[in-house]
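The file structure-v8.txt comes next; it holds compact mmCIF, C-alpha atoms and all ligand atoms.
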# COMPACT_ATOMS: atom_id res chain seq x y z
CA MET F 285 -245.16 69.46 -203.84
CA SER F 286 -247.92 71.69 -202.63
CA GLU F 287 -250.06 70.24 -199.87
CA LEU F 288 -253.83 69.81 -199.61
CA MET F 289 -255.88 72.12 -197.44
CA HIS F 290 -259.46 73.08 -196.88
CA LEU F 291 -260.83 76.52 -196.15
CA ILE F 292 -264.31 77.09 -194.77
CA TYR F 293 -265.93 80.53 -194.65
CA ALA F 294 -269.33 82.13 -194.21
CA SER F 295 -270.58 85.36 -195.74
CA LYS F 296 -273.62 87.48 -196.40
CA ALA F 297 -275.10 88.22 -199.82
CA THR F 298 -275.15 91.92 -200.71
CA ILE F 299 -277.53 91.55 -203.65
CA ASP F 300 -280.89 89.90 -203.95
CA PHE F 301 -279.87 86.72 -205.73
CA SER F 302 -282.49 85.50 -208.18
CA ASP F 303 -282.62 81.83 -209.14
CA LYS F 304 -280.98 82.85 -212.39
CA ASP F 305 -278.12 84.64 -210.55
CA ILE F 306 -277.53 81.59 -208.44
CA VAL F 307 -277.41 79.27 -211.43
CA GLU F 308 -275.01 81.61 -213.18
CA LEU F 309 -272.74 81.75 -210.10
CA LEU F 310 -272.89 77.98 -209.85
CA THR F 311 -272.10 77.37 -213.50
CA ASN F 312 -269.11 79.73 -213.60
CA ALA F 313 -267.68 78.61 -210.28
CA ARG F 314 -268.08 74.96 -211.16
CA LYS F 315 -266.28 75.38 -214.45
CA ASN F 316 -263.46 77.36 -212.87
CA ASN F 317 -263.09 75.04 -209.85
CA ASN F 318 -263.02 72.06 -212.11
CA SER F 319 -260.09 73.46 -214.03
CA LEU F 320 -258.34 74.44 -210.77
CA ASN F 321 -259.00 71.00 -209.30
CA VAL F 322 -260.84 72.61 -206.39
CA THR F 323 -263.55 70.51 -204.76
CA GLY F 324 -266.06 71.35 -202.02
CA ILE F 325 -269.50 72.79 -201.59
CA LEU F 326 -271.30 76.14 -201.51
CA LEU F 327 -274.51 76.52 -199.52
CA PHE F 328 -276.96 79.38 -199.76
CA ASP F 329 -279.89 79.97 -197.48
CA LYS F 330 -281.81 83.19 -196.84
CA GLY F 331 -279.02 85.51 -197.87
CA SER F 332 -276.13 83.71 -196.20
CA PHE F 333 -273.42 81.59 -197.74
CA LEU F 334 -271.21 78.87 -196.35
CA GLN F 335 -268.48 77.46 -198.53
CA VAL F 336 -265.92 74.67 -198.26
CA LEU F 337 -262.99 74.87 -200.67
CA GLU F 338 -260.53 71.98 -200.96
CA GLY F 339 -257.39 71.85 -203.01
CA LYS F 340 -253.70 72.70 -203.16
CA GLU F 341 -252.78 75.33 -200.57
CA GLU F 342 -251.76 78.01 -203.05
CA THR F 343 -254.73 77.45 -205.33
CA VAL F 344 -257.22 77.63 -202.47
CA SER F 345 -255.63 80.75 -200.95
CA ASN F 346 -255.64 82.55 -204.29
CA LEU F 347 -259.20 81.56 -205.08
CA PHE F 348 -260.33 82.68 -201.64
CA LYS F 349 -258.69 86.07 -202.20
CA ASN F 350 -260.50 86.33 -205.49
CA ILE F 351 -263.85 85.32 -203.97
CA SER F 352 -263.32 87.73 -201.04
CA ASN F 353 -263.16 90.62 -203.52
CA ASP F 354 -266.50 89.70 -205.07
CA LYS F 355 -268.96 92.53 -204.41
CA ARG F 356 -271.94 90.19 -204.42
CA HIS F 357 -271.18 89.26 -200.81
CA SER F 358 -269.58 90.82 -197.73
CA ASN F 359 -268.80 90.19 -194.05
CA ILE F 360 -266.64 87.25 -195.04
CA VAL F 361 -265.74 85.22 -191.97
CA LYS F 362 -263.00 82.63 -192.27
CA ILE F 363 -263.92 79.73 -189.99
CA ILE F 364 -261.21 77.17 -190.63
CA ALA F 365 -258.11 76.96 -192.83
CA GLU F 366 -255.97 73.88 -192.26
CA SER F 367 -254.11 71.01 -193.87
CA ILE F 368 -256.01 67.84 -194.64
CA PRO F 369 -254.71 64.36 -195.43
CA GLU F 370 -257.19 63.84 -198.27
CA ARG F 371 -260.23 65.37 -199.92
CA HIS F 372 -263.72 64.91 -198.47
CA PHE F 373 -265.55 65.86 -201.66
CA ASN F 374 -265.41 64.31 -205.13
CA ASP F 375 -266.39 67.47 -206.94
CA TRP F 376 -267.66 70.97 -206.31
CA SER F 377 -271.41 71.46 -206.00
CA MET F 378 -273.93 73.79 -204.52
CA GLY F 379 -276.88 73.55 -202.16
CA TYR F 380 -279.62 76.12 -202.43
CA ALA F 381 -282.32 76.07 -199.78
CA THR F 382 -285.24 77.56 -201.65
CA ILE F 383 -285.23 75.45 -204.74
CA SER F 384 -287.72 72.69 -205.44
CA ARG F 385 -286.62 69.13 -205.94
CA SER F 386 -287.84 69.02 -209.54
CA GLU F 387 -285.87 72.14 -210.45
CA LEU F 388 -282.88 70.85 -208.57
CA GLU F 389 -282.68 67.70 -210.61
CA LYS F 390 -282.41 69.75 -213.79
CA ILE F 391 -279.35 71.72 -212.79
CA GLU F 392 -275.91 70.24 -213.17
CA GLY F 393 -273.92 70.66 -209.95
CA MET F 394 -276.87 71.41 -207.67
CA ASN F 395 -276.99 69.08 -204.67
CA ASP F 396 -279.80 68.13 -202.28
CA PHE F 397 -278.18 69.42 -199.07
CA PHE F 398 -281.30 71.20 -197.83
CA LYS F 399 -283.72 68.52 -198.91
CA GLY F 400 -283.19 66.04 -196.10
CA SER F 401 -280.68 64.39 -198.16
CA THR F 402 -278.04 61.90 -199.00
CA CYS F 403 -275.60 64.75 -199.57
CA LEU F 404 -274.50 65.28 -195.96
CA ALA F 405 -274.45 61.55 -195.27
CA ASP F 406 -272.18 61.02 -198.27
CA ILE F 407 -269.45 63.29 -196.96
CA ASP F 408 -266.67 61.54 -195.05
CA LYS F 409 -266.64 62.33 -191.37
CA GLY F 410 -264.31 65.11 -190.40
CA ARG F 411 -264.27 68.81 -189.70
CA ALA F 412 -266.02 69.90 -192.93
CA LYS F 413 -268.92 67.57 -192.26
CA LYS F 414 -269.30 68.80 -188.67
CA ILE F 415 -269.34 72.46 -189.72
CA LEU F 416 -271.83 71.72 -192.51
CA ALA F 417 -274.03 69.99 -189.96
CA ALA F 418 -273.80 73.09 -187.76
CA TYR F 419 -274.85 75.24 -190.73
CA ALA F 420 -277.74 72.89 -191.47
CA ASN F 421 -278.84 73.47 -187.86
CA GLY F 422 -278.94 77.22 -188.35
CA ARG F 423 -275.42 78.20 -187.26
CA TRP F 424 -272.98 80.46 -189.09
CA ARG F 425 -275.71 82.63 -190.64
CA ILE F 426 -273.82 85.88 -191.12
CA GLU F 427 -275.89 89.03 -190.69
CA MET S 95 -230.81 55.83 -172.86
CA ASN S 96 -230.33 53.29 -170.15
CA ILE S 97 -233.51 52.73 -168.19
CA SER S 98 -233.71 49.74 -165.94
CA VAL S 99 -237.18 50.35 -164.55
CA GLU S 100 -239.82 47.85 -165.56
CA TYR S 101 -243.15 49.17 -166.72
CA SER S 102 -246.30 48.28 -168.58
CA HIS S 103 -249.62 49.83 -169.62
CA ALA S 104 -253.31 49.96 -168.84
CA PHE S 105 -256.07 50.83 -171.32
CA GLN S 106 -259.29 52.73 -170.65
CA PRO S 107 -262.15 52.65 -173.16
CA ILE S 108 -263.74 55.73 -174.74
CA ILE S 109 -267.31 55.23 -175.90
CA ASP S 110 -269.65 56.89 -178.37
CA ILE S 111 -273.17 56.52 -177.00
CA GLU S 112 -274.73 57.31 -180.38
CA THR S 113 -273.00 54.66 -182.41
CA ARG S 114 -272.96 52.44 -179.29
CA ARG S 115 -269.35 51.52 -179.69
CA ILE S 116 -265.98 51.74 -178.05
CA ILE S 117 -264.19 54.15 -180.37
CA SER S 118 -260.80 54.16 -178.69
CA TYR S 119 -258.64 53.16 -175.72
CA GLU S 120 -256.45 55.64 -173.89
CA VAL S 121 -253.00 54.32 -173.08
CA LEU S 122 -251.96 54.80 -169.44
CA LEU S 123 -248.49 54.12 -168.05
CA ARG S 124 -248.22 51.64 -165.16
CA GLY S 125 -245.57 49.81 -163.15
CA LYS S 126 -245.05 46.19 -164.01
CA ASN S 127 -247.54 45.16 -161.32
CA ASN S 128 -250.07 47.88 -162.18
CA GLU S 129 -248.50 50.49 -159.89
CA PRO S 130 -249.40 54.14 -160.65
CA PRO S 131 -247.26 56.04 -163.17
CA GLY S 132 -245.43 58.03 -160.49
CA THR S 133 -243.58 54.92 -159.37
CA VAL S 134 -242.21 54.54 -162.89
CA PHE S 135 -241.33 58.18 -163.46
CA GLY S 136 -239.52 58.24 -160.12
CA HIS S 137 -236.83 56.08 -161.70
CA ILE S 138 -236.33 58.18 -164.79
CA GLY S 139 -234.11 61.23 -164.87
CA ARG S 140 -235.50 64.45 -166.30
CA GLU S 141 -233.07 64.30 -169.18
CA ASN S 142 -234.51 60.93 -170.24
CA LEU S 143 -238.18 61.73 -169.88
CA MET S 144 -239.04 62.53 -173.48
CA ALA S 145 -237.08 59.60 -174.84
CA PHE S 146 -238.64 57.27 -172.28
CA ASP S 147 -242.12 58.51 -173.16
CA GLN S 148 -241.48 57.65 -176.78
CA VAL S 149 -240.21 54.13 -176.06
CA SER S 150 -243.17 53.63 -173.76
CA ARG S 151 -245.71 54.74 -176.40
CA GLU S 152 -244.20 52.42 -178.98
CA ARG S 153 -244.36 49.51 -176.58
CA ALA S 154 -247.99 50.34 -175.73
CA ILE S 155 -248.93 50.23 -179.42
CA LYS S 156 -247.44 46.77 -179.75
CA LEU S 157 -249.24 45.59 -176.61
CA ALA S 158 -252.57 46.99 -177.86
CA VAL S 159 -252.14 45.28 -181.21
CA ASN S 160 -251.26 42.01 -179.49
CA LEU S 161 -254.43 42.37 -177.45
CA GLY S 162 -256.38 42.63 -180.71
CA ILE S 163 -257.32 46.31 -180.76
CA ASN S 164 -259.72 47.14 -183.60
CA CYS S 165 -260.53 50.78 -182.79
CA SER S 166 -258.41 53.88 -182.16
CA LEU S 167 -255.69 54.43 -179.58
CA ASN S 168 -255.22 57.64 -177.55
CA LEU S 169 -251.58 58.45 -176.85
CA ASN S 170 -250.34 61.30 -174.67
CA PHE S 171 -247.71 63.79 -175.74
CA THR S 172 -246.44 66.85 -173.90
CA PRO S 173 -246.24 70.01 -176.03
CA GLY S 174 -242.47 69.66 -175.71
CA ALA S 175 -242.61 66.18 -177.23
CA ILE S 176 -244.86 67.41 -180.07
CA LEU S 177 -242.54 70.33 -180.85
CA PHE S 178 -239.35 68.27 -180.60
CA GLU S 179 -237.73 68.35 -184.03
CA LEU S 180 -240.95 69.51 -185.66
CA GLY S 181 -243.08 66.54 -184.73
CA LYS S 182 -240.46 63.81 -185.04
CA TYR S 183 -241.86 61.80 -182.12
CA VAL S 184 -245.37 61.77 -183.51
CA GLU S 185 -244.08 60.75 -186.93
CA GLU S 186 -242.01 57.94 -185.41
CA THR S 187 -245.02 56.80 -183.42
CA LEU S 188 -247.04 56.74 -186.61
CA VAL S 189 -244.42 54.62 -188.36
CA VAL S 190 -244.51 52.07 -185.53
CA ALA S 191 -248.32 52.05 -185.55
CA GLN S 192 -248.41 51.46 -189.29
CA GLN S 193 -245.83 48.69 -189.03
CA GLN S 194 -248.20 47.10 -186.52
CA GLY S 195 -251.08 47.33 -188.99
CA LEU S 196 -252.87 50.41 -187.63
CA GLU S 197 -254.00 53.31 -189.84
CA ALA S 198 -252.98 56.93 -189.23
CA ASN S 199 -256.56 57.89 -188.40
CA GLN S 200 -256.58 55.28 -185.61
CA LEU S 201 -254.03 57.33 -183.68
CA ILE S 202 -255.41 60.05 -181.45
CA VAL S 203 -252.61 62.35 -180.37
CA GLU S 204 -253.48 63.87 -177.01
CA VAL S 205 -251.63 67.07 -176.29
CA THR S 206 -251.46 67.44 -172.56
CA GLU S 207 -250.88 70.98 -171.47
CA SER S 208 -248.89 70.18 -168.38
CA GLU S 209 -246.72 73.24 -168.80
CA ALA S 210 -247.37 76.82 -169.84
CA ILE S 211 -246.43 77.15 -173.45
CA ASN S 212 -245.84 80.47 -175.10
CA THR S 213 -245.23 78.77 -178.37
CA THR S 214 -248.76 78.21 -179.62
CA SER S 215 -247.80 79.43 -183.08
CA ALA S 216 -245.02 76.84 -183.24
CA LEU S 217 -247.44 74.24 -181.93
CA GLN S 218 -249.96 75.33 -184.53
CA SER S 219 -247.57 74.83 -187.42
CA VAL S 220 -246.40 71.42 -186.20
CA LEU S 221 -249.97 70.24 -185.60
CA ASN S 222 -250.96 71.49 -189.04
CA LYS S 223 -248.13 69.48 -190.50
CA LEU S 224 -249.15 66.40 -188.52
CA ARG S 225 -252.73 66.83 -189.68
CA ARG S 226 -251.58 65.93 -193.18
CA THR S 227 -250.63 62.47 -191.99
CA GLY S 228 -254.23 61.81 -190.96
CA VAL S 229 -253.68 61.45 -187.19
CA VAL S 230 -256.46 62.83 -184.99
CA ILE S 231 -255.52 65.75 -182.75
CA ALA S 232 -256.98 66.06 -179.25
CA ILE S 233 -256.41 68.58 -176.46
CA ASP S 234 -256.44 66.98 -173.02
CA ASP S 235 -257.69 68.54 -169.76
CA PHE S 236 -259.50 71.28 -171.63
CA GLY S 237 -260.79 74.03 -169.36
CA ALA S 238 -258.14 73.46 -166.72
CA GLY S 239 -254.84 75.18 -166.17
CA TYR S 240 -253.31 76.26 -169.42
CA ALA S 241 -255.60 74.63 -171.95
CA GLY S 242 -258.08 77.47 -172.14
CA LEU S 243 -260.26 79.03 -174.75
CA ASN S 244 -257.47 81.22 -176.10
CA LEU S 245 -255.74 78.06 -177.31
CA LEU S 246 -258.59 77.52 -179.80
CA THR S 247 -257.78 80.74 -181.59
CA ASP S 248 -254.48 79.21 -182.72
CA VAL S 249 -255.14 75.50 -182.76
CA GLN S 250 -258.42 73.87 -183.69
CA PRO S 251 -258.13 70.26 -182.60
CA ASP S 252 -260.42 67.50 -183.84
CA LEU S 253 -261.36 66.68 -180.28
CA ILE S 254 -261.21 68.20 -176.83
CA LYS S 255 -261.33 66.29 -173.58
CA LEU S 256 -263.11 68.32 -170.94
CA ASP S 257 -261.13 68.50 -167.75
CA MET S 258 -262.59 66.14 -165.19
CA HIS S 259 -262.66 68.81 -162.49
CA LEU S 260 -265.16 70.72 -164.60
CA LEU S 261 -267.41 67.67 -164.66
CA ARG S 262 -267.24 66.69 -161.01
CA ASP S 263 -270.77 67.03 -159.55
CA ILE S 264 -271.75 69.10 -162.58
CA ASP S 265 -275.39 68.14 -162.01
CA LYS S 266 -275.31 70.31 -158.87
CA ASN S 267 -273.00 73.15 -159.92
CA GLY S 268 -274.31 76.03 -162.00
CA ALA S 269 -270.95 77.59 -162.84
CA ARG S 270 -269.62 74.31 -164.19
CA GLN S 271 -272.81 73.75 -166.16
CA SER S 272 -272.63 77.10 -167.90
CA ILE S 273 -268.94 76.70 -168.71
CA VAL S 274 -269.50 73.27 -170.23
CA ARG S 275 -272.49 74.60 -172.20
CA ALA S 276 -270.37 77.43 -173.59
CA ILE S 277 -267.50 75.12 -174.54
CA SER S 278 -269.90 72.69 -176.24
CA ASP S 279 -271.38 75.58 -178.18
CA ILE S 280 -268.00 76.73 -179.44
CA CYS S 281 -267.10 73.20 -180.43
CA ILE S 282 -270.25 72.80 -182.55
CA ASP S 283 -269.34 75.96 -184.47
CA LEU S 284 -265.73 74.92 -185.03
CA GLY S 285 -266.35 71.28 -185.84
CA ILE S 286 -264.63 69.94 -182.73
CA ASP S 287 -265.82 66.79 -180.94
CA VAL S 288 -266.26 67.02 -177.16
CA LEU S 289 -265.35 64.16 -174.85
CA ALA S 290 -266.30 64.01 -171.16
CA GLU S 291 -263.47 62.39 -169.25
CA GLY S 292 -263.45 61.18 -165.65
CA VAL S 293 -267.22 60.76 -165.38
CA GLU S 294 -267.91 58.98 -162.09
CA THR S 295 -271.62 59.20 -161.33
CA LYS S 296 -274.89 58.49 -163.10
CA GLU S 297 -276.04 62.03 -162.31
CA GLU S 298 -273.03 63.60 -164.03
CA PHE S 299 -273.61 61.33 -167.01
CA GLU S 300 -277.32 62.20 -167.25
CA PHE S 301 -276.58 65.92 -167.20
CA LEU S 302 -273.88 65.66 -169.87
CA LYS S 303 -276.10 63.53 -172.08
CA LYS S 304 -278.72 66.27 -172.02
CA GLN S 305 -276.04 68.70 -173.18
CA GLY S 306 -275.62 66.55 -176.28
CA ILE S 307 -272.21 65.13 -175.37
CA VAL S 308 -271.80 61.70 -176.95
CA LEU S 309 -268.19 60.74 -176.17
CA TYR S 310 -267.33 59.46 -172.70
CA GLN S 311 -264.51 58.02 -170.65
CA GLY S 312 -264.53 57.35 -166.93
CA TYR S 313 -264.85 54.98 -164.00
CA LEU S 314 -268.62 54.94 -164.42
CA PHE S 315 -268.21 53.11 -167.74
CA ALA S 316 -264.98 51.20 -167.20
CA LYS S 317 -261.83 51.48 -165.13
CA PRO S 318 -258.50 51.23 -166.92
CA GLY S 319 -257.66 47.58 -167.55
CA PHE S 320 -254.11 46.49 -166.82
CA GLU S 321 -252.65 44.85 -169.93
CA CYS S 322 -256.15 44.28 -171.27
CA LEU S 323 -258.86 46.04 -173.28
CA PRO S 324 -261.90 46.30 -170.97
CA SER S 325 -265.47 46.29 -172.30
CA VAL S 326 -268.30 48.63 -171.25
CA PRO S 327 -271.68 47.47 -169.87
CA ILE S 328 -274.36 47.85 -172.54
CA GLN S 329 -276.65 49.90 -170.25
CA TYR S 330 -274.63 53.07 -170.88
CA TYR S 331 -275.34 53.17 -174.56
CA GLU S 332 -278.27 55.31 -175.63
CA ASP S 333 -281.45 53.54 -176.59
C1 LIG A 1 -270.49 83.31 -202.37
C2 LIG A 1 -269.62 83.22 -203.58
C3 LIG A 1 -268.90 82.05 -203.83
C4 LIG A 1 -268.08 81.92 -204.94
N1 LIG A 1 -267.41 80.77 -205.15
C5 LIG A 1 -266.61 80.65 -206.23
C6 LIG A 1 -265.87 79.46 -206.45
O1 LIG A 1 -265.92 78.51 -205.68
N2 LIG A 1 -265.09 79.39 -207.54
C7 LIG A 1 -265.00 80.41 -208.43
O2 LIG A 1 -264.27 80.30 -209.40
N3 LIG A 1 -265.69 81.54 -208.24
C8 LIG A 1 -266.49 81.69 -207.17
N4 LIG A 1 -267.19 82.85 -206.99
C9 LIG A 1 -267.08 83.88 -208.00
C10 LIG A 1 -265.80 84.66 -207.84
O3 LIG A 1 -265.92 85.59 -206.80
C11 LIG A 1 -265.45 85.36 -209.14
O4 LIG A 1 -266.55 86.09 -209.58
C12 LIG A 1 -265.06 84.35 -210.18
O5 LIG A 1 -263.98 83.60 -209.72
C13 LIG A 1 -264.67 84.99 -211.48
O6 LIG A 1 -263.54 85.78 -211.28
P1 LIG A 1 -262.74 86.43 -212.48
O7 LIG A 1 -263.74 87.27 -213.21
O8 LIG A 1 -261.65 87.25 -211.82
O9 LIG A 1 -262.23 85.30 -213.30
C14 LIG A 1 -268.00 82.99 -205.87
C15 LIG A 1 -268.71 84.16 -205.62
C16 LIG A 1 -269.52 84.29 -204.50
C17 LIG A 1 -270.31 85.55 -204.27
Please, can you express the file's structure as structure tokens?
Amino acid sequence: MSELMHLIYASKATIDFSDKDIVELLTNARKNNNSLNVTGILLFDKGSFLQVLEGKEETVSNLFKNISNDKRHSNIVKIIAESIPERHFNDWSMGYATISRSELEKIEGMNDFFKGSTCLADIDKGRAKKILAAYANGRWRIE
Amino acid sequence: MNISVEYSHAFQPIIDIETRRIISYEVLLRGKNNEPPGTVFGHIGRENLMAFDQVSRERAIKLAVNLGINCSLNLNFTPGAILFELGKYVEETLVVAQQQGLEANQLIVEVTESEAINTTSALQSVLNKLRRTGVVIAIDDFGAGYAGLNLLTDVQPDLIKLDMHLLRDIDKNGARQSIVRAISDICIDLGIDVLAEGVETKEEFEFLKKQGIVLYQGYLFAKPGFECLPSVPIQYYED
């Protein structure tokens, strides 16, 4: 049996993501992650990403390799990759800093991470939560 | 193993000043009349040390449960004991804890770097395996001796305990202040909790609070209690 792990990385966007690009990325990733049984979160603020991926070790490693080859971002910095006893996220969603609350509510899979939210509070305590809190406080912005 | 020496345990509380609670008790070895640990170890041959440590930890868990513990328990392991048969001692400890009604995440495994280890990659793989069980991994005496920053490149614990020598008179010592600031900074980035251990004075405590440290253990808050679970005066919790 393959074991559960999480992998947390930060990166820098190489293109100027429009709202439409972001929604497209979100929709595709969400569909794919759902079929891979990968949970977690992707955050995007002012050109920098932070992502948590949770799932079976092999699945997460392969997906990360795939994501690392994506030309839409670069300077990929792996922060943590380790075993976990259980998942911290129920699904895979995205937080996008410069989106309004009304727009946000329309998009499936968009969370309210940057909107002073329930999202961070809902995550079980543990490493992922602490690193997300650090990101929310302006850390891990890759330049 | 035939050990005739009698021994028992003391427990020292660890507090979180944000949630205003005792989050754990560290287990400390004592003689049967509260003598320091050296008097016990003096009776145990080197070849029996690891096995004795294990029996002692298991007994401490039972004592803590009998005393009605309802938070976590910090237990010390040498790197040798962690590595022994790929984590067998930790797994056995976990079994005993669960038999006693504790959850895996109530066990805080303190790795005490009492010896130089050139096996951090082996330690890394065993700790990663243990992480799956849900136990919490702490590095003791961080910033002293062998437990330095380079350790964090291989092993990212859930918690580090700052070495008490780093904290002594920290309110008056610039070098110690800047080292503790740097360590705290790293720990925020890597999602590691920082615990200040061996805090003795109000001034040390005030300085560390300003640094944003929320986990504490030390004489200022409570001395280890022999065969009991001491409480902490309410005044030390943040208001
Ligand atoms: C910052 C960032 C995060 C991404 N996250 C995911 C993800 O979680 N899951 C996913 O399937 N694709 C993700 N992608 C997209 C992948 O890199 C890739 O485009 C997608 O998996 C489709 O790959 P394929 O065309 O080889 O099937 C992400 C891309 C970027 C730029």
Practice prompt. Show me which residues sit within 7 Å of ligand LIG 1 (chain A) when counting only C-alpha atoms and all ligand atoms, and put them as a ChimeraX atom specification.
Written response: /F:295,309,312-314,316-317,326,333,337,347,350-354,356-357
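Counting all atoms listed in the file, the residue from S:Gln194, S:Thr113, S:Thr214, S:Thr247 that sits nearest to chain F is S:Thr247.
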Item to complete: One decimal, Å: what's the distance from CA of Asp287 (chain S) over to CA of Leu309 (chain S), could you say?
Response: 8.1 Å
Per-residue nearest contacts chain S to chain F, cut-off 8 Å, using all atoms listed in the file, as CSV:
residue,atom,partner,partner_atom,distance
S:Asn222,CA,F:Ser367,CA,5.8
S:Lys223,CA,F:Ser367,CA,7.0
S:Arg225,CA,F:Ile368,CA,6.0
S:Arg226,CA,F:Pro369,CA,4.2
S:Thr227,CA,F:Pro369,CA,5.7
S:Gly228,CA,F:Pro369,CA,5.2
S:Asp252,CA,F:Arg411,CA,7.1
S:Ile282,CA,F:Ala418,CA,6.3
S:Asp283,CA,F:Ala418,CA,6.2
S:Leu284,CA,F:Ile415,CA,6.4
S:Gly285,CA,F:Lys414,CA,4.8
S:Ile286,CA,F:Arg411,CA,7.1
If you keep C-alpha atoms, can you produce a file of those selected residues as a compact mmCIF listing (two decimals), keeping the file's coordinate frame?
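File written: again-v2.txt
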# COMPACT_ATOMS: atom_id res chain seq x y z
CA ASN S 222 -250.96 71.49 -189.04
CA LYS S 223 -248.13 69.48 -190.50
CA ARG S 225 -252.73 66.83 -189.68
CA ARG S 226 -251.58 65.93 -193.18
CA THR S 227 -250.63 62.47 -191.99
CA GLY S 228 -254.23 61.81 -190.96
CA ASP S 252 -260.42 67.50 -183.84
CA ILE S 282 -270.25 72.80 -182.55
CA ASP S 283 -269.34 75.96 -184.47
CA LEU S 284 -265.73 74.92 -185.03
CA GLY S 285 -266.35 71.28 -185.84
CA ILE S 286 -264.63 69.94 -182.73
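You will find CA of Phe105 (chain S) at 12.9 Å from CA of Arg153 (chain S).
You will find CA of Leu188 (chain S) at 10.1 Å from CA of Leu224 (chain S).
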Item to complete: Considering all atoms listed in the file, return as JSON, numbers by chain whatever protein or nucleic-acid residues lie within 8 Å of Pro107 (chain S), sequence-local ones (same chain, fewer than 2 positions apart) excluded.
Response: {"S": [105, 109, 116, 117, 118, 119, 120, 311, 316, 318, 323, 324, 325, 326]}
Print the selection's residues with C-alpha atoms to a file, as a PDB file, in the coordinates of the input.
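Writing the result to part26.pdb gives the following:
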ATOM      1  CA  PHE S 105    -256.070  50.830-171.320  1.00  0.00           C
ATOM      2  CA  ILE S 109    -267.310  55.230-175.900  1.00  0.00           C
ATOM      3  CA  ILE S 116    -265.980  51.740-178.050  1.00  0.00           C
ATOM      4  CA  ILE S 117    -264.190  54.150-180.370  1.00  0.00           C
ATOM      5  CA  SER S 118    -260.800  54.160-178.690  1.00  0.00           C
ATOM      6  CA  TYR S 119    -258.640  53.160-175.720  1.00  0.00           C
ATOM      7  CA  GLU S 120    -256.450  55.640-173.890  1.00  0.00           C
ATOM      8  CA  GLN S 311    -264.510  58.020-170.650  1.00  0.00           C
ATOM      9  CA  ALA S 316    -264.980  51.200-167.200  1.00  0.00           C
ATOM     10  CA  PRO S 318    -258.500  51.230-166.920  1.00  0.00           C
ATOM     11  CA  LEU S 323    -258.860  46.040-173.280  1.00  0.00           C
ATOM     12  CA  PRO S 324    -261.900  46.300-170.970  1.00  0.00           C
ATOM     13  CA  SER S 325    -265.470  46.290-172.300  1.00  0.00           C
ATOM     14  CA  VAL S 326    -268.300  48.630-171.250  1.00  0.00           C
TER      15      VAL S 326
END
Worksheet entry | Surrounding residues of Lys126 (chain S) excluding itself and chain neighbours under 3 positions, 12 Å, all atoms listed in the file, as a list in words | Val99, Glu100, Tyr101, Ser102, His103, Ala104, Leu123, Glu129, Pro130, Pro131, Thr133, Val134, Phe320 and Glu321 of chain S
Worksheet item: Between F:Glu338, F:Glu427, F:Asp305, F:Asp396, which one has atoms that come closest to Tyr380 (chain F), using all atoms listed in the file?
Response: F:Asp396
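Minimum atom-to-atom distance to Met394 (chain F), evaluated using all atoms listed in the file, belongs to F:Leu327 out of F:Leu327, F:Thr343, F:Ile292, F:Val322.
If all atoms listed in the file are the atoms counted, then among S:Asn199, S:Ala154, S:Val149, S:Asp234 the closest residue to Glu186 (chain S) is S:Val149.
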Worksheet entry | All residues 12 Å or closer to Leu243 (chain S), only C-alpha atoms, same chain fewer than 3 positions away omitted, as number ranges by chain | S: 233, 235-240, 246-251, 254, 256, 273-274, 276-278, 280-281
Dump C-alpha atoms for the selected residues as a compact mmCIF listing (two decimals), keeping the file's coordinate frame?
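So the final result, stored in out11.txt, reads:
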# COMPACT_ATOMS: atom_id res chain seq x y z
CA ILE S 233 -256.41 68.58 -176.46
CA ASP S 235 -257.69 68.54 -169.76
CA PHE S 236 -259.50 71.28 -171.63
CA GLY S 237 -260.79 74.03 -169.36
CA ALA S 238 -258.14 73.46 -166.72
CA GLY S 239 -254.84 75.18 -166.17
CA TYR S 240 -253.31 76.26 -169.42
CA LEU S 246 -258.59 77.52 -179.80
CA THR S 247 -257.78 80.74 -181.59
CA ASP S 248 -254.48 79.21 -182.72
CA VAL S 249 -255.14 75.50 -182.76
CA GLN S 250 -258.42 73.87 -183.69
CA PRO S 251 -258.13 70.26 -182.60
CA ILE S 254 -261.21 68.20 -176.83
CA LEU S 256 -263.11 68.32 -170.94
CA ILE S 273 -268.94 76.70 -168.71
CA VAL S 274 -269.50 73.27 -170.23
CA ALA S 276 -270.37 77.43 -173.59
CA ILE S 277 -267.50 75.12 -174.54
CA SER S 278 -269.90 72.69 -176.24
CA ILE S 280 -268.00 76.73 -179.44
CA CYS S 281 -267.10 73.20 -180.43
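With distances restricted to only C-alpha atoms, F:Met378 is the closest residue to Val307 (chain F) from F:Met378, F:Val344, F:Leu291, F:Leu404.
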